[in-house]
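Have a look at model-v7.pdb; it's PDB, C-alpha atoms and all ligand atoms:
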```pdb
ATOM      1  CA  MET V   1      -3.174 -80.789 -55.630
ATOM      2  CA  LYS V   2      -1.728 -80.376 -59.128
ATOM      3  CA  GLN V   3       0.220 -77.341 -60.315
ATOM      4  CA  LYS V   4      -1.188 -76.009 -63.623
ATOM      5  CA  ASN V   5      -0.213 -73.119 -65.896
ATOM      6  CA  LEU V   6       1.727 -70.050 -64.814
ATOM      7  CA  LEU V   7      -0.490 -67.111 -63.782
ATOM      8  CA  TYR V   8       2.218 -64.551 -63.040
ATOM      9  CA  THR V   9       5.946 -64.367 -62.623
ATOM     10  CA  GLY V  10       7.445 -61.545 -60.571
ATOM     11  CA  LYS V  11      10.930 -60.636 -59.409
ATOM     12  CA  ALA V  12      11.218 -63.354 -56.763
ATOM     13  CA  LYS V  13       8.124 -65.533 -56.930
ATOM     14  CA  SER V  14       6.072 -67.329 -59.566
ATOM     15  CA  VAL V  15       2.368 -67.939 -59.132
ATOM     16  CA  TYR V  16       0.600 -70.964 -60.677
ATOM     17  CA  HIS V  17      -3.014 -71.991 -61.166
ATOM     18  CA  THR V  18      -3.973 -75.349 -59.667
ATOM     19  CA  ASP V  19      -6.620 -78.007 -60.310
ATOM     20  CA  THR V  20      -8.488 -76.707 -57.238
ATOM     21  CA  LYS V  21     -10.832 -73.723 -57.502
ATOM     22  CA  ASP V  22      -9.641 -70.569 -55.722
ATOM     23  CA  ARG V  23      -6.242 -72.071 -54.816
ATOM     24  CA  LEU V  24      -2.895 -71.002 -56.233
ATOM     25  CA  ILE V  25       0.634 -72.280 -55.747
ATOM     26  CA  VAL V  26       3.300 -69.658 -55.025
ATOM     27  CA  GLU V  27       6.834 -70.718 -55.834
ATOM     28  CA  PHE V  28       9.487 -68.852 -53.836
ATOM     29  CA  ARG V  29      12.391 -68.753 -56.295
ATOM     30  CA  ASP V  30      16.081 -68.271 -55.475
ATOM     31  CA  ASP V  31      16.174 -64.948 -57.367
ATOM     32  CA  ILE V  32      17.036 -61.852 -55.360
ATOM     33  CA  THR V  33      16.779 -58.290 -56.677
ATOM     34  CA  ALA V  34      17.241 -54.764 -55.315
ATOM     35  CA  PHE V  35      17.070 -51.160 -56.502
ATOM     36  CA  ASP V  36      14.041 -51.676 -58.813
ATOM     37  CA  GLY V  37      15.633 -54.767 -60.327
ATOM     38  CA  GLY V  38      18.942 -52.946 -61.003
ATOM     39  CA  LYS V  39      20.863 -55.502 -58.898
ATOM     40  CA  LYS V  40      20.018 -59.189 -59.471
ATOM     41  CA  ASP V  41      21.401 -62.556 -58.377
ATOM     42  CA  VAL V  42      20.422 -66.169 -57.823
ATOM     43  CA  LEU V  43      21.280 -67.420 -54.343
ATOM     44  CA  LYS V  44      20.832 -71.120 -53.682
ATOM     45  CA  ASN V  45      18.102 -71.901 -51.086
ATOM     46  CA  LYS V  46      17.085 -68.260 -50.650
ATOM     47  CA  GLY V  47      13.514 -69.182 -51.712
ATOM     48  CA  ASN V  48      13.301 -71.871 -49.042
ATOM     49  CA  TYR V  49      14.295 -69.528 -46.241
ATOM     50  CA  ASN V  50      11.802 -66.850 -47.287
ATOM     51  CA  ALA V  51       9.016 -69.401 -47.792
ATOM     52  CA  GLY V  52       9.692 -70.997 -44.383
ATOM     53  CA  VAL V  53       9.631 -67.680 -42.551
ATOM     54  CA  SER V  54       6.508 -66.526 -44.459
ATOM     55  CA  ALA V  55       4.674 -69.773 -43.657
ATOM     56  CA  PHE V  56       5.671 -69.486 -39.999
ATOM     57  CA  PHE V  57       4.378 -65.906 -39.756
ATOM     58  CA  PHE V  58       1.145 -66.565 -41.724
ATOM     59  CA  ASP V  59       0.358 -69.496 -39.430
ATOM     60  CA  TYR V  60       1.134 -67.424 -36.338
ATOM     61  CA  LEU V  61      -0.974 -64.479 -37.578
ATOM     62  CA  GLU V  62      -3.937 -66.768 -38.414
ATOM     63  CA  LYS V  63      -3.781 -68.205 -34.892
ATOM     64  CA  ASN V  64      -3.992 -64.625 -33.644
ATOM     65  CA  GLY V  65      -7.056 -63.684 -35.695
ATOM     66  CA  VAL V  66      -5.491 -62.202 -38.876
ATOM     67  CA  LYS V  67      -7.018 -63.524 -42.125
ATOM     68  CA  THR V  68      -4.216 -64.594 -44.489
ATOM     69  CA  HIS V  69      -4.060 -66.343 -47.875
ATOM     70  CA  PHE V  70      -1.920 -69.198 -46.475
ATOM     71  CA  PHE V  71      -3.039 -72.853 -46.545
ATOM     72  CA  THR V  72       0.022 -75.097 -46.463
ATOM     73  CA  MET V  73       3.532 -75.798 -47.796
ATOM     74  CA  LEU V  74       3.789 -78.487 -50.513
ATOM     75  CA  ASP V  75       7.590 -78.578 -50.202
ATOM     76  CA  PRO V  76      10.169 -76.083 -48.896
ATOM     77  CA  HIS V  77       9.559 -73.558 -51.702
ATOM     78  CA  HIS V  78       5.962 -74.132 -52.849
ATOM     79  CA  MET V  79       3.102 -72.608 -50.848
ATOM     80  CA  VAL V  80      -0.608 -73.220 -51.402
ATOM     81  CA  VAL V  81      -2.590 -69.990 -51.022
ATOM     82  CA  ARG V  82      -6.063 -68.597 -51.522
ATOM     83  CA  LYS V  83      -6.431 -66.952 -54.934
ATOM     84  CA  LEU V  84      -6.868 -63.217 -54.360
ATOM     85  CA  GLU V  85      -7.505 -60.180 -56.498
ATOM     86  CA  MET V  86      -4.493 -58.244 -55.306
ATOM     87  CA  ILE V  87      -4.936 -54.607 -54.281
ATOM     88  CA  PRO V  88      -1.989 -52.656 -55.805
ATOM     89  CA  LEU V  89      -0.876 -51.124 -52.499
ATOM     90  CA  GLU V  90       2.418 -51.683 -50.677
ATOM     91  CA  VAL V  91       1.521 -51.142 -47.050
ATOM     92  CA  ILE V  92       4.675 -50.320 -45.113
ATOM     93  CA  VAL V  93       4.794 -50.113 -41.317
ATOM     94  CA  ARG V  94       7.800 -48.385 -39.739
ATOM     95  CA  ASN V  95       8.898 -48.648 -36.098
ATOM     96  CA  VAL V  96      12.368 -47.164 -36.602
ATOM     97  CA  ALA V  97      13.507 -44.696 -39.266
ATOM     98  CA  ALA V  98      15.558 -46.417 -42.003
ATOM     99  CA  GLY V  99      15.651 -46.836 -45.771
ATOM    100  CA  SER V 100      13.604 -44.566 -48.029
ATOM    101  CA  ILE V 101      12.100 -42.475 -45.226
ATOM    102  CA  VAL V 102      15.623 -41.435 -44.196
ATOM    103  CA  ARG V 103      16.667 -40.829 -47.815
ATOM    104  CA  ASN V 104      13.571 -38.734 -48.612
ATOM    105  CA  TYR V 105      12.775 -36.912 -45.357
ATOM    106  CA  PRO V 106      14.893 -35.397 -42.580
ATOM    107  CA  PHE V 107      14.641 -38.394 -40.205
ATOM    108  CA  ARG V 108      17.844 -39.634 -38.625
ATOM    109  CA  GLU V 109      18.445 -43.390 -39.156
ATOM    110  CA  GLY V 110      17.621 -45.314 -35.991
ATOM    111  CA  THR V 111      15.067 -42.795 -34.621
ATOM    112  CA  LEU V 112      12.215 -44.600 -32.875
ATOM    113  CA  LEU V 113       8.850 -43.922 -34.545
ATOM    114  CA  ASP V 114       6.283 -44.178 -31.794
ATOM    115  CA  PRO V 115       3.462 -44.525 -32.693
ATOM    116  CA  PRO V 116       4.561 -46.539 -35.762
ATOM    117  CA  LEU V 117       4.152 -44.893 -39.158
ATOM    118  CA  ILE V 118       2.092 -46.417 -41.939
ATOM    119  CA  VAL V 119       3.242 -45.430 -45.420
ATOM    120  CA  ILE V 120       1.380 -46.687 -48.483
ATOM    121  CA  ASP V 121       2.958 -46.883 -51.942
ATOM    122  CA  TYR V 122       1.230 -47.517 -55.263
ATOM    123  CA  LYS V 123       2.471 -50.883 -56.565
ATOM    124  CA  ASP V 124       3.408 -49.974 -60.122
ATOM    125  CA  ASP V 125       6.957 -50.756 -61.269
ATOM    126  CA  ALA V 126       6.654 -48.481 -64.331
ATOM    127  CA  ARG V 127       5.943 -45.526 -62.011
ATOM    128  CA  HIS V 128       8.546 -46.655 -59.459
ATOM    129  CA  ASP V 129       5.932 -47.275 -56.736
ATOM    130  CA  PRO V 130       5.109 -43.653 -55.776
ATOM    131  CA  MET V 131       3.941 -42.871 -52.245
ATOM    132  CA  LEU V 132       0.174 -42.323 -51.926
ATOM    133  CA  ASN V 133      -1.975 -40.493 -49.421
ATOM    134  CA  ASP V 134      -5.486 -41.388 -48.274
ATOM    135  CA  GLU V 135      -7.151 -38.930 -50.667
ATOM    136  CA  ILE V 136      -5.311 -40.326 -53.705
ATOM    137  CA  ILE V 137      -6.071 -43.915 -52.647
ATOM    138  CA  ILE V 138      -9.789 -43.121 -52.393
ATOM    139  CA  ALA V 139      -9.851 -40.985 -55.580
ATOM    140  CA  LEU V 140      -8.211 -43.851 -57.501
ATOM    141  CA  LYS V 141     -10.909 -46.154 -56.026
ATOM    142  CA  LEU V 142      -8.232 -48.667 -55.012
ATOM    143  CA  VAL V 143     -10.210 -49.348 -51.822
ATOM    144  CA  THR V 144     -13.181 -47.782 -50.047
ATOM    145  CA  PRO V 145     -12.630 -45.504 -47.032
ATOM    146  CA  ALA V 146     -13.897 -48.300 -44.756
ATOM    147  CA  GLU V 147     -11.503 -50.819 -46.354
ATOM    148  CA  LEU V 148      -8.587 -48.398 -45.959
ATOM    149  CA  LYS V 149      -9.386 -47.964 -42.264
ATOM    150  CA  LYS V 150      -9.544 -51.757 -41.837
ATOM    151  CA  ILE V 151      -6.276 -52.321 -43.753
ATOM    152  CA  LYS V 152      -4.458 -49.815 -41.513
ATOM    153  CA  LYS V 153      -5.887 -51.404 -38.358
ATOM    154  CA  VAL V 154      -4.851 -54.889 -39.484
ATOM    155  CA  ALA V 155      -1.377 -53.621 -40.506
ATOM    156  CA  LEU V 156      -0.824 -52.219 -36.997
ATOM    157  CA  GLU V 157      -2.064 -55.441 -35.413
ATOM    158  CA  ILE V 158       0.330 -57.446 -37.645
ATOM    159  CA  ASN V 159       3.116 -55.078 -36.563
ATOM    160  CA  ARG V 160       2.309 -55.678 -32.899
ATOM    161  CA  LEU V 161       2.253 -59.466 -33.339
ATOM    162  CA  LEU V 162       5.433 -59.700 -35.461
ATOM    163  CA  SER V 163       7.367 -57.235 -33.288
ATOM    164  CA  ALA V 164       6.628 -59.348 -30.214
ATOM    165  CA  VAL V 165       7.798 -62.655 -31.753
ATOM    166  CA  LEU V 166      10.927 -61.051 -33.158
ATOM    167  CA  ALA V 167      11.747 -59.165 -29.950
ATOM    168  CA  ALA V 168      11.656 -62.486 -28.094
ATOM    169  CA  GLN V 169      14.463 -63.603 -30.442
ATOM    170  CA  GLY V 170      16.510 -60.453 -29.849
ATOM    171  CA  ILE V 171      15.483 -58.906 -33.175
ATOM    172  CA  THR V 172      14.048 -55.401 -33.774
ATOM    173  CA  LEU V 173      11.384 -55.185 -36.466
ATOM    174  CA  VAL V 174      12.481 -51.889 -38.045
ATOM    175  CA  ASP V 175       9.922 -51.899 -40.877
ATOM    176  CA  PHE V 176       8.122 -54.242 -43.267
ATOM    177  CA  LYS V 177       5.929 -54.268 -46.366
ATOM    178  CA  ILE V 178       2.719 -56.247 -46.769
ATOM    179  CA  GLU V 179       0.122 -56.631 -49.520
ATOM    180  CA  PHE V 180      -3.581 -57.359 -49.293
ATOM    181  CA  GLY V 181      -6.051 -58.884 -51.734
ATOM    182  CA  ARG V 182      -9.764 -59.562 -52.038
ATOM    183  CA  GLN V 183     -11.867 -62.626 -52.421
ATOM    184  CA  GLY V 184     -15.437 -61.399 -52.754
ATOM    185  CA  LYS V 185     -16.017 -58.860 -50.009
ATOM    186  CA  MET V 186     -13.311 -60.283 -47.741
ATOM    187  CA  ILE V 187      -9.812 -58.816 -47.550
ATOM    188  CA  TYR V 188      -6.923 -61.164 -46.797
ATOM    189  CA  LEU V 189      -3.221 -60.639 -46.159
ATOM    190  CA  GLY V 190      -1.370 -62.005 -49.222
ATOM    191  CA  ASP V 191       2.109 -62.184 -50.726
ATOM    192  CA  GLU V 192       4.952 -62.840 -48.220
ATOM    193  CA  ILE V 193       6.524 -61.772 -44.936
ATOM    194  CA  SER V 194      10.180 -62.603 -45.219
ATOM    195  CA  MET V 195      13.734 -61.285 -44.972
ATOM    196  CA  ASP V 196      13.109 -59.690 -48.406
ATOM    197  CA  SER V 197      10.134 -57.672 -47.146
ATOM    198  CA  MET V 198      11.178 -56.817 -43.569
ATOM    199  CA  ARG V 199      14.043 -54.759 -42.193
ATOM    200  CA  LEU V 200      15.467 -56.537 -39.127
ATOM    201  CA  TRP V 201      18.244 -55.454 -36.781
ATOM    202  CA  ASP V 202      19.953 -57.567 -34.131
ATOM    203  CA  LYS V 203      19.084 -55.910 -30.807
ATOM    204  CA  LYS V 204      22.558 -56.542 -29.330
ATOM    205  CA  THR V 205      24.866 -55.828 -32.246
ATOM    206  CA  GLY V 206      22.720 -53.642 -34.530
ATOM    207  CA  GLU V 207      23.683 -56.016 -37.388
ATOM    208  CA  SER V 208      21.310 -56.119 -40.418
ATOM    209  CA  LEU V 209      19.512 -59.460 -40.720
ATOM    210  CA  ASP V 210      17.581 -58.891 -43.969
ATOM    211  CA  LYS V 211      17.873 -57.895 -47.631
ATOM    212  CA  ASP V 212      19.967 -54.837 -46.696
ATOM    213  CA  VAL V 213      22.857 -57.343 -46.384
ATOM    214  CA  TYR V 214      22.395 -57.963 -50.133
ATOM    215  CA  ARG V 215      21.547 -54.355 -51.088
ATOM    216  CA  PHE V 216      24.648 -52.911 -49.446
ATOM    217  CA  GLU V 217      26.943 -55.982 -49.534
ATOM    218  CA  LYS V 218      27.214 -56.126 -45.755
ATOM    219  CA  GLY V 219      28.158 -59.815 -45.577
ATOM    220  CA  ASP V 220      27.241 -63.377 -46.542
ATOM    221  CA  VAL V 221      23.534 -63.026 -47.428
ATOM    222  CA  MET V 222      22.737 -66.732 -47.386
ATOM    223  CA  ALA V 223      24.521 -67.400 -44.082
ATOM    224  CA  ILE V 224      22.483 -64.576 -42.520
ATOM    225  CA  TYR V 225      19.144 -65.655 -44.102
ATOM    226  CA  ASN V 226      19.789 -69.202 -42.861
ATOM    227  CA  ARG V 227      20.561 -68.040 -39.315
ATOM    228  CA  VAL V 228      17.611 -65.634 -39.147
ATOM    229  CA  ALA V 229      15.177 -68.218 -40.546
ATOM    230  CA  GLN V 230      16.319 -70.664 -37.842
ATOM    231  CA  ARG V 231      16.037 -68.016 -35.131
ATOM    232  CA  ILE V 232      12.503 -67.050 -36.205
ATOM    233  CA  THR V 233      11.007 -70.457 -36.955
ATOM    234  CA  LYS V 234      12.499 -72.104 -33.869
ATOM    235  CA  SER V 235      11.064 -69.349 -31.693
ATOM    236  CA  GLY V 236       7.820 -71.209 -30.922
ATOM    237  CA  LYS V 237       4.483 -69.674 -31.692
ATOM    238  CA  LYS V 238       3.964 -67.654 -28.536
ATOM    239  CA  PRO V 239       5.868 -64.424 -28.057
TER     240      PRO V 239
HETATM  241  P1  LIG F   1       7.492 -56.843 -55.773
HETATM  242  O1  LIG F   1       8.814 -57.514 -55.690
HETATM  243  O2  LIG F   1       7.529 -55.329 -55.920
HETATM  244  O3  LIG F   1       6.515 -57.263 -54.682
HETATM  245  P2  LIG F   1       6.703 -58.593 -57.924
HETATM  246  O4  LIG F   1       5.360 -58.528 -58.580
HETATM  247  O5  LIG F   1       7.867 -58.695 -58.804
HETATM  248  O6  LIG F   1       6.788 -57.242 -57.111
HETATM  249  P3  LIG F   1       6.837 -61.247 -56.721
HETATM  250  O7  LIG F   1       6.837 -61.475 -55.268
HETATM  251  O8  LIG F   1       7.936 -61.817 -57.525
HETATM  252  O9  LIG F   1       6.665 -59.676 -56.792
HETATM  253  O10 LIG F   1       5.504 -61.811 -57.390
HETATM  254  C1  LIG F   1       4.453 -62.318 -56.689
HETATM  255  C2  LIG F   1       3.155 -61.721 -57.235
HETATM  256  O11 LIG F   1       2.060 -62.504 -56.761
HETATM  257  C3  LIG F   1       2.926 -60.283 -56.742
HETATM  258  O12 LIG F   1       2.427 -59.510 -57.814
HETATM  259  C4  LIG F   1       1.834 -60.438 -55.679
HETATM  260  O13 LIG F   1       1.009 -59.290 -55.570
HETATM  261  C5  LIG F   1       1.048 -61.651 -56.205
HETATM  262  N1  LIG F   1       0.341 -62.417 -55.175
HETATM  263  C6  LIG F   1       0.761 -62.662 -53.910
HETATM  264  N2  LIG F   1      -0.164 -63.395 -53.223
HETATM  265  C7  LIG F   1      -1.195 -63.628 -54.094
HETATM  266  C8  LIG F   1      -2.469 -64.301 -53.995
HETATM  267  N3  LIG F   1      -2.843 -64.902 -52.870
HETATM  268  N4  LIG F   1      -3.285 -64.301 -55.073
HETATM  269  C9  LIG F   1      -2.904 -63.690 -56.236
HETATM  270  N5  LIG F   1      -1.716 -63.049 -56.413
HETATM  271  C10 LIG F   1      -0.877 -63.009 -55.349
HETATM  272  P1  LIG F   2      11.790 -48.681 -47.905
HETATM  273  O1  LIG F   2      12.621 -48.112 -46.811
HETATM  274  O2  LIG F   2      10.636 -47.867 -48.363
HETATM  275  O3  LIG F   2      12.657 -48.961 -49.190
HETATM  276  P2  LIG F   2      14.169 -49.457 -49.317
HETATM  277  O4  LIG F   2      14.146 -50.864 -48.841
HETATM  278  O5  LIG F   2      14.422 -49.286 -50.779
HETATM  279  O6  LIG F   2      15.032 -48.594 -48.472
HETATM  280  O7  LIG F   2      11.297 -50.114 -47.445
HETATM  281  C1  LIG F   2      10.599 -50.285 -46.235
HETATM  282  C2  LIG F   2      10.381 -51.775 -45.983
HETATM  283  O8  LIG F   2       9.481 -52.337 -46.899
HETATM  284  C3  LIG F   2      11.659 -52.595 -46.087
HETATM  285  O9  LIG F   2      11.623 -53.551 -45.042
HETATM  286  C4  LIG F   2      11.567 -53.282 -47.423
HETATM  287  C5  LIG F   2      10.087 -53.365 -47.674
HETATM  288  N1  LIG F   2       9.733 -53.147 -49.079
HETATM  289  C6  LIG F   2       9.502 -54.222 -49.924
HETATM  290  O10 LIG F   2       9.583 -55.395 -49.491
HETATM  291  N2  LIG F   2       9.188 -53.984 -51.234
HETATM  292  C7  LIG F   2       9.072 -52.738 -51.723
HETATM  293  O11 LIG F   2       8.781 -52.577 -52.944
HETATM  294  C8  LIG F   2       9.298 -51.630 -50.837
HETATM  295  C9  LIG F   2       9.209 -50.208 -51.332
HETATM  296  C10 LIG F   2       9.635 -51.867 -49.550
END
```

Turn the structure described in the file into structure tokens.
Ligand code: ATP
Ligand code: TYD
Amino acid sequence: MKQKNLLYTGKAKSVYHTDTKDRLIVEFRDDITAFDGGKKDVLKNKGNYNAGVSAFFFDYLEKNGVKTHFFTMLDPHHMVVRKLEMIPLEVIVRNVAAGSIVRNYPFREGTLLDPPLIVIDYKDDARHDPMLNDEIIIALKLVTPAELKKIKKVALEINRLLSAVLAAQGITLVDFKIEFGRQGKMIYLGDEISMDSMRLWDKKTGESLDKDVYRFEKGDVMAIYNRVAQRITKSGKKP
């Protein structure tokens, strides 16, 4: 497969057309950003770790009945995916209170959220990704009521599957963000599932194992991404 012209470049990934219909190549770059792009760096090999973990999870989810955009890796930072019309929703699943929900609401950090919470933001950098509710989502015609129900069901199933794999490695899945897209009538999981889009805590030490290390300068980001990627991808495919 040949990489063609650039379709889109975001904060951490670039997306390219290919010579094959309905296939795109996603390049996981070494750029890392936080706080709406207010903090930015380039960290060597960061793209590889995120791509490797994303590929591992997409493969695992597919084997467990979740439809994803993933086809294959071309090299450690180029992923071949199904071309989707992305739905501008950031679907966040939370098992433990942390991050914005603690900043914006009177939850105490570390409180178990059982059942897990689903929070959906509108993906729009200019508006700083405001939180939506079901009525706004439907009124904006971003998805139909049936699609919204399906997206929430799939998000909870993804949470169950990822939590189990991570727990087997001694890692708590605190929260994560996923994005969905359409091809025709079908909805697929797109984008990435990586240390940039999940919040992970070591079950024994409580140590952060994700982008919070970069956000709050908690340690050597690349050493932690490397270690976590090894822990996750060496975990085998069965929880
Ligand atoms: P954010 O960091 O808030 O997610 P971004 O747009 O800067 O925003 P990047 O990850 O750098 O994010 O860019 C990747 C872009 O590619 C995103 O806009 C994402 O929605 C889009 N994308 C992901 N998977 C697919 C796909 N299968 N088909 C088409 N576009 C996709
Ligand atoms: P959240 O607590 O809302 O924001 P912050 O990370 O600023 O405290 O994030 C919840 C989870 O979703 C966290 O694991 C990071 C991920 N996420 C993204 O990957 N991209 C986003 O744009 C947002 C808002 C969250």

Could you state the separation of atom CA of V:Gly38 and atom CA of V:Ile87 in Å, given to one decimal place?
24.9 Å

Apply the PyMOL selection byres (((not hetatm)) within 6 of (chain F and resi 1)) to the displayed file and report the matching residues as a PyMOL selection string.
chain V and resi 9-15+69+81-86+190-191

Identify all residues satisfying the PyMOL selection byres (((not hetatm)) within 9 of (chain F and resi 2)) in the given file; provide them as a PyMOL selection string.
chain V and resi 34-36+90-94+97-103+119+121+123+125+128-130+173-178+192-200+210-212+215

Report as number ranges by chain all protein, DNA and RNA residues lying within 10 Å of V:Leu6, evaluated on all atoms listed in the file, omitting residues in the same chain fewer than 6 positions from it.
V: 14-18, 24-26

Polymer residues at most 10 Å from (17.3, -59.8, -31.2) by all atoms listed in the file, as a ChimeraX atom specification:
/V:165-173,200-207,209,228,231

Dump C-alpha atoms for the selected residues as an mmCIF file, in the coordinates of the input?
```
data_model
loop_
_atom_site.group_PDB
_atom_site.id
_atom_site.type_symbol
_atom_site.label_atom_id
_atom_site.label_comp_id
_atom_site.auth_asym_id
_atom_site.auth_seq_id
_atom_site.Cartn_x
_atom_site.Cartn_y
_atom_site.Cartn_z
ATOM 1 C CA VAL V 165 7.798 -62.655 -31.753
ATOM 2 C CA LEU V 166 10.927 -61.051 -33.158
ATOM 3 C CA ALA V 167 11.747 -59.165 -29.950
ATOM 4 C CA ALA V 168 11.656 -62.486 -28.094
ATOM 5 C CA GLN V 169 14.463 -63.603 -30.442
ATOM 6 C CA GLY V 170 16.510 -60.453 -29.849
ATOM 7 C CA ILE V 171 15.483 -58.906 -33.175
ATOM 8 C CA THR V 172 14.048 -55.401 -33.774
ATOM 9 C CA LEU V 173 11.384 -55.185 -36.466
ATOM 10 C CA LEU V 200 15.467 -56.537 -39.127
ATOM 11 C CA TRP V 201 18.244 -55.454 -36.781
ATOM 12 C CA ASP V 202 19.953 -57.567 -34.131
ATOM 13 C CA LYS V 203 19.084 -55.910 -30.807
ATOM 14 C CA LYS V 204 22.558 -56.542 -29.330
ATOM 15 C CA THR V 205 24.866 -55.828 -32.246
ATOM 16 C CA GLY V 206 22.720 -53.642 -34.530
ATOM 17 C CA GLU V 207 23.683 -56.016 -37.388
ATOM 18 C CA LEU V 209 19.512 -59.460 -40.720
ATOM 19 C CA VAL V 228 17.611 -65.634 -39.147
ATOM 20 C CA ARG V 231 16.037 -68.016 -35.131
#
```

Run the PyMOL selection byres (((chain V and resi 1) around 8) and not hetatm) mentally over the shown coordinates, then write out the matched residues as a ChimeraX atom specification, using the chain letters and numbers from the document.
/V:2-3,18-20

Which residue, V:Met79, V:Gly52, V:Val66, V:Gly37, has the smallest gap to V:Arg160 when you use only C-alpha atoms?
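Ranked by minimum distance to V:Arg160, first place goes to V:Val66.
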
So which one's closest to V:Leu112, V:Val96, V:Asp134, V:Glu179, V:Glu147? Using all atoms listed in the file, please.
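Looking only at the distances to V:Leu112, the closest residue turns out to be V:Val96.
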
(-5.2, -67.8, -40.6) in this file's frame - what residues fall within 10 Å of it? Use only C-alpha atoms and give the answer as a ChimeraX atom specification.
/V:57-71,188-189

So what do you get for atom CA of V:His78 versus atom CA of V:Ala223, distance-wise?
21.6 Å

In Å, rounded to a single decimal, give me how far atom CA of V:Ala51 is from atom CA of V:Asp220.
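Going from atom CA of V:Asp220 over to atom CA of V:Ala51 covers 19.2 Å.
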